[in-house]
file final_35.cif (mmCIF, C-alpha atoms and all ligand atoms)
data_data
loop_
_atom_site.label_atom_id
_atom_site.label_comp_id
_atom_site.auth_asym_id
_atom_site.auth_seq_id
_atom_site.Cartn_x
_atom_site.Cartn_y
_atom_site.Cartn_z
CA MET A 1 -6.44 -22.33 19.12
CA PHE A 2 -6.67 -18.89 20.54
CA LYS A 3 -8.70 -17.64 23.41
CA LYS A 4 -9.40 -13.98 23.87
CA THR A 5 -11.00 -11.85 26.49
CA GLY A 6 -12.65 -8.55 25.88
CA TYR A 7 -11.53 -8.14 22.31
CA LEU A 8 -14.95 -8.51 20.76
CA ALA A 9 -16.43 -5.80 22.94
CA GLY A 10 -15.26 -3.06 20.60
CA VAL A 11 -16.35 -4.84 17.50
CA LEU A 12 -20.06 -4.46 17.64
CA SER A 13 -21.51 -1.44 15.83
CA LEU A 14 -19.80 -1.91 12.49
CA GLY A 15 -20.08 -5.63 13.10
CA VAL A 16 -23.77 -5.35 12.27
CA ILE A 17 -22.91 -3.70 8.96
CA LEU A 18 -20.19 -6.25 8.36
CA ALA A 19 -22.59 -9.12 8.94
CA ALA A 20 -24.97 -7.56 6.45
CA CYS A 21 -22.23 -7.06 3.82
CA GLY A 22 -20.65 -10.47 4.09
CA GLY A 23 -17.13 -11.12 2.86
CA ASN A 24 -16.30 -11.77 -0.75
CA ASP A 25 -13.96 -14.61 -0.10
CA GLU A 26 -15.23 -18.16 0.01
CA THR A 27 -12.51 -19.90 1.96
CA GLY A 28 -13.99 -23.36 1.68
CA ASP A 29 -14.71 -26.06 4.24
CA ASN A 30 -14.56 -25.32 7.89
CA GLU A 31 -13.78 -28.04 10.29
CA ASN A 32 -15.68 -27.89 13.56
CA GLY A 33 -17.98 -30.69 12.59
CA ASN A 34 -20.86 -28.36 11.79
CA GLY A 35 -19.36 -27.04 8.58
CA GLU A 36 -18.44 -23.79 10.35
CA ALA A 37 -15.06 -22.38 11.33
CA GLU A 38 -14.26 -21.94 15.02
CA HIS A 39 -12.96 -18.45 14.31
CA ASN A 40 -14.16 -15.92 11.77
CA TRP A 41 -11.84 -13.01 11.13
CA ARG A 42 -12.13 -10.00 8.85
CA PHE A 43 -9.59 -8.68 6.40
CA THR A 44 -10.19 -5.40 4.59
CA VAL A 45 -8.17 -4.15 1.63
CA GLU A 46 -7.88 -0.88 -0.30
CA GLU A 47 -8.42 -2.46 -3.69
CA THR A 48 -11.24 -4.27 -5.48
CA GLN A 49 -11.63 -7.87 -6.60
CA GLY A 50 -8.88 -9.01 -8.95
CA GLN A 51 -6.50 -6.20 -7.97
CA VAL A 52 -3.19 -6.96 -6.24
CA GLN A 53 -4.17 -6.40 -2.60
CA TYR A 54 -7.38 -8.40 -2.97
CA VAL A 55 -5.63 -11.35 -4.63
CA TYR A 56 -3.02 -11.25 -1.86
CA ALA A 57 -5.65 -11.23 0.90
CA GLN A 58 -7.57 -14.12 -0.64
CA GLU A 59 -4.42 -16.24 -0.89
CA PHE A 60 -3.45 -15.32 2.66
CA ALA A 61 -6.91 -16.34 3.87
CA GLU A 62 -6.62 -19.67 2.06
CA LEU A 63 -3.22 -20.36 3.60
CA VAL A 64 -4.48 -19.61 7.10
CA GLU A 65 -7.52 -21.79 6.59
CA GLU A 66 -5.33 -24.68 5.36
CA LYS A 67 -2.80 -24.31 8.14
CA SER A 68 -5.53 -24.26 10.79
CA ASP A 69 -7.30 -27.27 9.26
CA GLY A 70 -10.34 -25.13 8.62
CA ALA A 71 -10.61 -23.75 12.15
CA ILE A 72 -9.94 -20.18 11.00
CA ASN A 73 -12.04 -18.53 8.32
CA ILE A 74 -11.06 -15.10 7.04
CA ASP A 75 -13.55 -13.03 5.07
CA VAL A 76 -11.95 -10.58 2.69
CA PHE A 77 -13.69 -7.24 2.17
CA GLU A 78 -12.90 -5.43 -1.03
CA PHE A 79 -12.45 -1.67 -1.18
CA GLY A 80 -15.73 0.17 -0.93
CA ALA A 81 -17.43 -2.39 1.34
CA LEU A 82 -16.28 -0.68 4.53
CA GLY A 83 -15.80 2.97 3.60
CA SER A 84 -12.77 4.97 2.57
CA GLU A 85 -9.10 4.03 2.99
CA VAL A 86 -8.90 6.26 6.09
CA ASP A 87 -12.05 4.65 7.57
CA GLN A 88 -10.35 1.27 7.15
CA VAL A 89 -7.33 2.43 9.17
CA GLU A 90 -9.70 3.33 12.03
CA GLN A 91 -11.53 0.01 11.75
CA LEU A 92 -8.26 -1.87 12.19
CA GLN A 93 -7.25 0.33 15.13
CA GLN A 94 -10.58 -0.30 16.84
CA GLY A 95 -10.47 -4.03 16.17
CA ILE A 96 -13.60 -3.90 14.01
CA VAL A 97 -11.54 -5.81 11.46
CA GLU A 98 -8.65 -8.03 12.55
CA PHE A 99 -6.51 -7.63 9.40
CA ALA A 100 -6.10 -4.86 6.84
CA ILE A 101 -3.84 -3.90 4.02
CA ILE A 102 -2.97 -0.30 4.77
CA SER A 103 -0.84 1.95 2.63
CA PRO A 104 1.35 4.37 4.58
CA GLY A 105 -0.01 7.10 2.33
CA PHE A 106 -3.14 7.07 4.48
CA THR A 107 -1.41 7.15 7.88
CA GLY A 108 0.92 10.14 7.60
CA THR A 109 -0.79 12.18 10.31
CA LEU A 110 -1.16 9.23 12.67
CA VAL A 111 2.40 7.90 12.26
CA PRO A 112 4.57 10.77 11.00
CA GLU A 113 7.57 8.46 10.48
CA GLY A 114 5.44 6.53 7.96
CA ASN A 115 5.77 9.52 5.64
CA ILE A 116 9.16 8.07 4.73
CA PHE A 117 7.54 6.20 1.83
CA ALA A 118 6.45 9.52 0.32
CA LEU A 119 10.10 10.35 -0.38
CA GLN A 120 10.59 10.11 -4.12
CA PHE A 121 13.78 8.73 -5.68
CA LEU A 122 14.77 7.24 -2.32
CA PHE A 123 14.61 3.56 -3.24
CA ASP A 124 16.29 1.81 -6.16
CA ASP A 125 14.76 1.42 -9.63
CA ASP A 126 15.04 -2.35 -9.22
CA GLN A 127 11.84 -3.50 -7.51
CA GLU A 128 13.31 -6.86 -6.53
CA LEU A 129 16.11 -5.15 -4.66
CA ASN A 130 13.55 -2.86 -3.03
CA GLN A 131 11.47 -5.82 -1.90
CA GLN A 132 14.58 -7.37 -0.37
CA VAL A 133 15.17 -4.13 1.56
CA LEU A 134 11.51 -4.04 2.68
CA ASN A 135 11.80 -7.64 3.89
CA GLU A 136 15.06 -7.22 5.78
CA SER A 137 15.29 -3.58 6.85
CA GLU A 138 15.72 -2.98 10.57
CA ALA A 139 14.75 0.67 10.08
CA ILE A 140 11.39 -0.40 8.70
CA ASN A 141 10.59 -3.71 10.37
CA THR A 142 11.79 -2.76 13.85
CA HIS A 143 11.80 1.00 14.29
CA LEU A 144 9.04 2.13 11.95
CA ALA A 145 6.90 -0.91 12.77
CA GLN A 146 7.06 0.02 16.45
CA LYS A 147 5.57 3.44 15.67
CA TYR A 148 2.63 1.73 13.98
CA GLU A 149 2.22 -0.82 16.78
CA GLU A 150 1.82 2.05 19.24
CA GLN A 151 -1.22 3.08 17.20
CA SER A 152 -2.74 -0.44 17.35
CA ILE A 153 -1.55 -1.18 13.81
CA MET A 154 0.93 -4.06 13.73
CA PRO A 155 2.68 -4.31 10.34
CA LEU A 156 3.37 -7.96 9.50
CA ALA A 157 4.91 -7.25 6.08
CA PHE A 158 5.86 -4.22 4.02
CA TRP A 159 5.66 -4.88 0.30
CA THR A 160 5.80 -3.19 -3.06
CA GLU A 161 2.93 -2.95 -5.52
CA GLY A 162 5.33 -1.73 -8.18
CA ALA A 163 6.91 1.47 -9.44
CA MET A 164 4.62 4.48 -9.66
CA GLN A 165 4.01 6.49 -12.80
CA TRP A 166 2.25 9.78 -13.49
CA THR A 167 -0.85 10.35 -15.56
CA GLY A 168 -2.07 13.79 -16.59
CA SER A 169 -4.56 15.70 -18.68
CA SER A 170 -1.42 17.47 -19.93
CA ALA A 171 2.07 16.04 -20.50
CA ILE A 172 4.49 15.84 -17.56
CA GLN A 173 8.09 15.79 -18.78
CA SER A 174 9.78 18.39 -16.56
CA PRO A 175 9.04 20.02 -13.20
CA ALA A 176 7.79 23.09 -15.12
CA ASP A 177 4.89 20.95 -16.36
CA PHE A 178 3.67 20.68 -12.77
CA ALA A 179 3.18 24.47 -12.46
CA GLY A 180 -0.43 24.98 -11.37
CA PHE A 181 -1.16 21.27 -11.95
CA GLN A 182 -3.93 19.90 -9.70
CA MET A 183 -2.34 16.67 -8.53
CA ARG A 184 -4.42 14.04 -6.71
CA THR A 185 -2.55 12.35 -3.89
CA GLN A 186 -3.22 10.13 -0.90
CA GLU A 187 -3.55 11.73 2.53
CA SER A 188 -0.03 11.78 3.97
CA PRO A 189 1.24 15.36 4.33
CA LEU A 190 4.67 14.63 2.85
CA ILE A 191 3.15 13.33 -0.38
CA LEU A 192 1.43 16.69 -0.84
CA ARG A 193 4.58 18.55 0.11
CA SER A 194 6.64 16.61 -2.42
CA TYR A 195 4.35 17.76 -5.22
CA GLU A 196 4.41 21.33 -3.92
CA ALA A 197 8.20 21.16 -4.32
CA TYR A 198 7.59 20.52 -8.04
CA GLY A 199 5.23 23.53 -8.20
CA ALA A 200 1.99 21.52 -8.32
CA ASN A 201 -1.24 22.10 -6.36
CA PRO A 202 -1.83 18.74 -4.67
CA THR A 203 -5.20 17.66 -3.29
CA ALA A 204 -5.82 14.56 -1.18
CA MET A 205 -8.72 12.42 -2.38
CA SER A 206 -9.92 8.84 -1.96
CA TRP A 207 -9.40 6.77 -5.06
CA SER A 208 -13.14 6.02 -5.05
CA GLU A 209 -13.62 9.58 -6.32
CA LEU A 210 -10.62 9.72 -8.59
CA TYR A 211 -12.00 8.49 -11.92
CA THR A 212 -14.77 11.09 -11.82
CA GLY A 213 -12.38 13.73 -10.50
CA LEU A 214 -10.07 13.22 -13.46
CA GLN A 215 -12.94 12.98 -15.93
CA GLN A 216 -14.55 16.20 -14.77
CA GLY A 217 -11.28 18.07 -14.37
CA ALA A 218 -11.47 18.51 -10.58
CA VAL A 219 -7.90 17.19 -10.66
CA ASP A 220 -5.42 17.08 -13.56
CA GLY A 221 -3.41 13.98 -12.72
CA GLN A 222 -2.35 11.30 -10.26
CA GLU A 223 0.36 8.74 -9.46
CA ASN A 224 -0.01 4.97 -9.22
CA PRO A 225 1.51 1.68 -10.39
CA LEU A 226 0.58 0.71 -13.96
CA PHE A 227 -1.71 -2.16 -12.96
CA PHE A 228 -3.82 0.19 -10.90
CA ILE A 229 -3.96 2.92 -13.55
CA GLU A 230 -5.18 0.34 -16.06
CA ASP A 231 -7.60 -1.56 -13.83
CA ALA A 232 -9.17 1.58 -12.37
CA GLY A 233 -9.44 2.94 -15.92
CA PHE A 234 -7.63 6.22 -15.20
CA HIS A 235 -6.02 6.05 -18.65
CA GLU A 236 -9.53 6.32 -20.13
CA VAL A 237 -9.85 9.85 -18.75
CA GLN A 238 -6.20 10.93 -19.03
CA ASP A 239 -4.40 11.89 -22.25
CA HIS A 240 -0.86 11.40 -20.96
CA LEU A 241 1.11 8.75 -19.09
CA THR A 242 4.66 9.46 -17.97
CA ILE A 243 6.92 6.53 -17.14
CA SER A 244 8.68 8.30 -14.31
CA ASN A 245 9.46 5.52 -11.81
CA HIS A 246 9.70 8.35 -9.27
CA ASN A 247 8.77 6.15 -6.32
CA MET A 248 7.50 2.69 -5.52
CA TYR A 249 4.08 1.99 -4.10
CA VAL A 250 4.59 0.52 -0.64
CA THR A 251 1.82 -1.10 1.33
CA MET A 252 1.60 -3.05 4.59
CA THR A 253 -0.19 -6.20 5.68
CA THR A 254 -1.35 -5.31 9.17
CA VAL A 255 -3.13 -6.86 12.13
CA ASN A 256 -4.67 -5.19 15.16
CA THR A 257 -1.88 -5.11 17.77
CA ASP A 258 -3.92 -6.29 20.79
CA PHE A 259 -5.69 -8.95 18.77
CA TYR A 260 -2.39 -10.45 17.63
CA ASN A 261 -0.72 -10.21 21.04
CA ASP A 262 -3.67 -11.97 22.68
CA LEU A 263 -3.48 -14.96 20.33
CA ASP A 264 -1.81 -18.14 21.55
CA GLU A 265 1.59 -19.04 20.09
CA GLU A 266 0.24 -21.73 17.82
CA THR A 267 -2.18 -19.33 16.18
CA GLN A 268 0.47 -16.61 15.90
CA SER A 269 2.72 -19.14 14.15
CA ILE A 270 0.02 -19.89 11.60
CA ILE A 271 -0.26 -16.20 10.79
CA ASP A 272 3.51 -15.71 10.72
CA GLU A 273 4.04 -18.66 8.39
CA ALA A 274 1.33 -17.45 6.02
CA ILE A 275 2.92 -13.99 5.99
CA GLU A 276 6.32 -15.49 5.13
CA GLU A 277 4.83 -17.58 2.33
CA MET A 278 3.10 -14.51 0.92
CA ARG A 279 6.33 -12.49 0.62
CA ASP A 280 7.34 -13.94 -2.72
CA ARG A 281 3.72 -14.22 -3.82
CA SER A 282 3.03 -10.52 -3.27
CA PHE A 283 5.97 -9.74 -5.53
CA GLU A 284 4.76 -12.16 -8.20
CA ILE A 285 1.17 -10.90 -8.11
CA GLN A 286 2.18 -7.27 -8.66
CA GLU A 287 4.83 -8.19 -11.22
CA GLU A 288 2.33 -10.11 -13.31
CA GLN A 289 -0.32 -7.39 -13.19
CA ASN A 290 2.12 -4.52 -13.78
CA GLY A 291 3.80 -6.48 -16.56
CA GLU A 292 0.74 -6.57 -18.75
CA ALA A 293 -0.78 -3.18 -17.92
CA LEU A 294 1.23 -0.93 -20.24
CA GLU A 295 0.28 -2.97 -23.29
CA LEU A 296 -3.37 -2.89 -22.27
CA ILE A 297 -3.21 0.90 -21.92
CA GLU A 298 -1.49 1.28 -25.30
CA ASN A 299 -4.03 -1.05 -26.93
CA ALA A 300 -6.99 0.96 -25.63
CA THR A 301 -7.05 3.02 -28.83
CA ASP A 302 -10.62 4.26 -28.35
CA THR A 303 -9.32 6.18 -25.31
CA PRO A 304 -5.80 7.02 -26.54
CA THR A 305 -3.09 7.83 -24.01
CA ASP A 306 0.24 9.28 -25.07
CA VAL A 307 3.04 7.38 -23.27
CA TYR A 308 6.31 9.20 -22.57
CA GLU A 309 9.30 7.70 -20.75
CA LEU A 310 11.51 10.19 -18.89
CA SER A 311 15.20 10.08 -19.74
CA GLU A 312 17.72 9.82 -16.89
CA ASP A 313 18.54 13.53 -17.36
CA GLU A 314 14.87 14.41 -17.06
CA ARG A 315 14.49 12.27 -13.96
CA GLU A 316 17.50 14.07 -12.47
CA GLU A 317 15.61 17.38 -12.55
CA PHE A 318 12.84 15.88 -10.42
CA ARG A 319 15.33 14.07 -8.19
CA GLU A 320 17.04 17.36 -7.28
CA LEU A 321 13.79 19.03 -6.27
CA ALA A 322 12.70 15.92 -4.37
CA SER A 323 15.66 16.15 -2.00
CA GLU A 324 14.01 19.09 -0.21
CA ALA A 325 11.36 16.70 1.09
CA ARG A 326 14.04 14.62 2.81
CA ASP A 327 15.14 17.59 4.89
CA TYR A 328 11.53 18.32 5.70
CA PHE A 329 11.00 14.70 6.77
CA ARG A 330 14.08 14.74 9.01
CA GLU A 331 12.73 17.79 10.83
CA ASN A 332 8.99 17.07 10.83
CA GLY A 333 8.62 13.31 10.44
CA GLY A 334 8.38 12.55 14.15
CA ASP A 335 10.94 11.88 16.90
CA ASP A 336 12.72 9.06 15.10
CA ALA A 337 12.45 10.29 11.52
CA GLU A 338 16.11 11.18 11.13
CA MET A 339 17.36 7.92 12.64
CA ILE A 340 14.97 5.82 10.55
CA LEU A 341 15.81 7.64 7.31
CA ASP A 342 19.57 7.47 7.84
CA MET A 343 19.40 3.77 8.71
CA LEU A 344 17.20 3.02 5.71
CA MET A 345 19.48 4.93 3.34
CA GLU A 346 22.43 2.86 4.58
CA GLU A 347 20.45 -0.34 4.13
CA ILE A 348 19.50 0.61 0.57
CA GLU A 349 23.12 1.43 -0.25
CA GLU A 350 24.24 -1.85 1.22
CA ALA A 351 21.69 -3.76 -0.86
CA GLN A 352 22.90 -1.87 -3.94
CA GLY A 353 26.43 -3.01 -3.13
CA ASN A 354 27.71 0.55 -2.73
O1 LIG A 401 -4.20 5.53 -5.28
C1 LIG A 401 -4.70 4.94 -4.34
O2 LIG A 401 -5.15 5.54 -3.37
C2 LIG A 401 -4.80 3.42 -4.39
N1 LIG A 401 -3.68 2.89 -5.10
C3 LIG A 401 -3.33 1.63 -4.98
C4 LIG A 401 -2.24 1.03 -5.81
N2 LIG A 401 -3.88 0.85 -4.06
C5 LIG A 401 -4.94 1.30 -3.18
C6 LIG A 401 -4.88 2.79 -3.01
O3 LIG A 401 -5.91 3.30 -2.24
#

call {"tool": "encode", "arguments": {"input": "final_35.cif", "output": "structure tokens", "more": "lines below"}}
Ligand code: 6CS
result
Amino acid sequence: MFKKTGYLAGVLSLGVILAACGGNDETGDNENGNGEAEHNWRFTVEETQGQVQYVYAQEFAELVEEKSDGAINIDVFEFGALGSEVDQVEQLQQGIVEFAIISPGFTGTLVPEGNIFALQFLFDDDQELNQQVLNESEAINTHLAQKYEEQSIMPLAFWTEGAMQWTGSSAIQSPADFAGFQMRTQESPLILRSYEAYGANPTAMSWSELYTGLQQGAVDGQENPLFFIEDAGFHEVQDHLTISNHNMYVTMTTVNTDFYNDLDEETQSIIDEAIEEMRDRSFEIQEEQNGEALELIENATDTPTDVYELSEDEREEFRELASEARDYFRENGGDDAEMILDMLMEEIEEAQGN
């Protein structure tokens, strides 16, 4: 198993808090003879227990424990245990946690090329095809990943949490409906810019504040996959849901770059194998949760939500306005933005068979 020098030095201050919190994942027996694992690692996610990222992290932890015969224990920390989504990015960079699920929507200032996932109507409507692109893309897994690695964030897998939809206190059926609309977004600048192109007034906010923000009218609407809208209860405080499929929610399983590079090959292989085994599982977990969410929202009749599906013509109006953000990304998305976007667009077309 691995041997490291110096890594733990940076881990101490929040480590005290982490020890006090404890992880939420019981990963079972540990095999050093004393009932304790030889290595205890931390994995923080942006979602709470039962939600897609948390289920993923728990299964990943179980796989790593099995593959290491109990020598490696990974404690999973649900969202809220360690601060905001942006705090979690910093914790991974500093090595306070070894693993994190990080959505590019929270790294747009740090890694400008990561804004690529803010581009709406870029990927296909078929999530399976999109996942294939995310798995195989050189633009993403080589060139974009390198940009993250330089920031001590090593992406091990990029994966979809499903197509995103809009909710609003008023109906959203055409770009005109976004005029003056206070849209909650994640942090990345290009997400905000994309909504400005529709005429909205976007505001970045942690999702920990979003339910109350929507309820009290601080913001009018938000975007997310259906499972998340339902589980976080946003439909309870929103009158309208638009099936827009305007983008997919992309997230990344990440590890601290130095931590991973300092592991021995055997330990790296355990992690790599677990990541590979989780590729199909991540797709299944989100598919199952997204698949049942719409019905749950429609059945919540005590908090009724009007559901409207955009026609292809209506989507086209948004698609046209969204293209402005691509030009902006090419010019402002970092040194390699243009190369990465062009390569990714070719890869998507190839996957589509065009
Ligand atoms: O809207 C958000 O910020 C949250 N949405 C999802 C699907 N996962 C975590 C993220 O922070």

call {"tool": "residues_around", "arguments": {"input": "final_35.cif", "residues": "range 312-323 of chain A", "least_positions_apart": "6", "cutoff": "7 Å", "atoms": "all atoms listed in the file", "output": "PDB file with C-alpha atoms, in the coordinates of the input"}}
result
ATOM      1  CA  GLN A 120      10.590  10.110  -4.120  1.00  0.00           C
ATOM      2  CA  PHE A 121      13.780   8.730  -5.680  1.00  0.00           C
ATOM      3  CA  SER A 174       9.780  18.390 -16.560  1.00  0.00           C
ATOM      4  CA  PRO A 175       9.040  20.020 -13.200  1.00  0.00           C
ATOM      5  CA  SER A 194       6.640  16.610  -2.420  1.00  0.00           C
ATOM      6  CA  ALA A 197       8.200  21.160  -4.320  1.00  0.00           C
ATOM      7  CA  TYR A 198       7.590  20.520  -8.040  1.00  0.00           C
TER       8      TYR A 198
END

call {"tool": "atom_distance", "arguments": {"input": "final_35.cif", "atom1": "CA of Arg330 in chain A", "atom2": "CA of Glu46 in chain A"}}
result
28.5 Å

call {"tool": "closest_atom_pairs", "arguments": {"input": "final_35.cif", "of": "chain A", "to": "ligand LIG 401 (chain A)", "cutoff": "9 Å", "atoms": "only C-alpha atoms and all ligand atoms", "output": "tab-separated table"}}
result
residue	atom	partner	partner_atom	distance
A:Val45	CA	A:LIG401	C5	8.0
A:Glu46	CA	A:LIG401	C5	4.7
A:Glu47	CA	A:LIG401	C5	5.1
A:Thr48	CA	A:LIG401	C5	8.7
A:Gln51	CA	A:LIG401	N2	8.5
A:Val52	CA	A:LIG401	C4	8.1
A:Gln53	CA	A:LIG401	N2	7.4
A:Phe79	CA	A:LIG401	O3	8.3
A:Ser84	CA	A:LIG401	O3	8.5
A:Glu85	CA	A:LIG401	O3	6.2
A:Ile101	CA	A:LIG401	C5	8.9
A:Ile102	CA	A:LIG401	C5	8.3
A:Ser103	CA	A:LIG401	C6	7.0
A:Gly105	CA	A:LIG401	O2	7.8
A:Phe106	CA	A:LIG401	O3	8.2
A:Glu161	CA	A:LIG401	C4	6.5
A:Gly162	CA	A:LIG401	C4	8.4
A:Met164	CA	A:LIG401	C4	8.6
A:Arg184	CA	A:LIG401	O1	8.6
A:Thr185	CA	A:LIG401	O1	7.2
A:Gln186	CA	A:LIG401	O2	5.6
A:Glu187	CA	A:LIG401	O2	8.7
A:Met205	CA	A:LIG401	O2	7.8
A:Ser206	CA	A:LIG401	O2	6.0
A:Trp207	CA	A:LIG401	O2	4.7
A:Ser208	CA	A:LIG401	O2	8.2
A:Leu210	CA	A:LIG401	O1	8.4
A:Gln222	CA	A:LIG401	O1	7.8
A:Glu223	CA	A:LIG401	O1	7.0
A:Asn224	CA	A:LIG401	C4	5.7
A:Pro225	CA	A:LIG401	C4	6.0
A:Leu226	CA	A:LIG401	C4	8.6
A:Phe227	CA	A:LIG401	C4	7.8
A:Phe228	CA	A:LIG401	C4	5.4
A:Ile229	CA	A:LIG401	C4	8.2
A:Tyr249	CA	A:LIG401	C4	6.6
A:Val250	CA	A:LIG401	C4	8.6
A:Thr251	CA	A:LIG401	N2	8.1

call {"tool": "residues_around", "arguments": {"input": "final_35.cif", "residues": "Arg42 in chain A", "least_positions_apart": "5", "cutoff": "7 Å", "atoms": "only C-alpha atoms", "output": "MDAnalysis selection string"}}
result
chainID A and resid 74:76 97:99

call {"tool": "write_last_selection", "arguments": {"input": "final_35.cif", "atoms": "C-alpha atoms", "output": "PDB file, keeping the file's coordinate frame"}}
result
ATOM      1  CA  ILE A  74     -11.060 -15.100   7.040  1.00  0.00           C
ATOM      2  CA  ASP A  75     -13.550 -13.030   5.070  1.00  0.00           C
ATOM      3  CA  VAL A  76     -11.950 -10.580   2.690  1.00  0.00           C
ATOM      4  CA  VAL A  97     -11.540  -5.810  11.460  1.00  0.00           C
ATOM      5  CA  GLU A  98      -8.650  -8.030  12.550  1.00  0.00           C
ATOM      6  CA  PHE A  99      -6.510  -7.630   9.400  1.00  0.00           C
TER       7      PHE A  99
END

call {"tool": "closest_atom_pairs", "arguments": {"input": "final_35.cif", "of": "range 186-262 of chain A", "to": "range 114-118 of chain A", "cutoff": "8 Å", "atoms": "all atoms listed in the file", "output": "JSON lines"}}
result
{"residue": "A:Ser188", "atom": "CA", "partner": "A:Asn115", "partner_atom": "CA", "distance": 6.4}
{"residue": "A:Pro189", "atom": "CA", "partner": "A:Asn115", "partner_atom": "CA", "distance": 7.5}
{"residue": "A:Leu190", "atom": "CA", "partner": "A:Asn115", "partner_atom": "CA", "distance": 5.9}
{"residue": "A:Ile191", "atom": "CA", "partner": "A:Ala118", "partner_atom": "CA", "distance": 5.1}
{"residue": "A:Ser194", "atom": "CA", "partner": "A:Ala118", "partner_atom": "CA", "distance": 7.6}
{"residue": "A:Asn247", "atom": "CA", "partner": "A:Ala118", "partner_atom": "CA", "distance": 7.8}
{"residue": "A:Val250", "atom": "CA", "partner": "A:Phe117", "partner_atom": "CA", "distance": 6.9}

call {"tool": "atom_distance", "arguments": {"input": "final_35.cif", "atom1": "CA of Val86 in chain A", "atom2": "CA of Thr109 in chain A"}}
result
10.9 Å

call {"tool": "closest_residue", "arguments": {"input": "final_35.cif", "among": "A:Met154, A:Leu92, A:Leu129, A:Leu341", "to": "Asn261 in chain A", "atoms": "all atoms listed in the file"}}
result
A:Met154
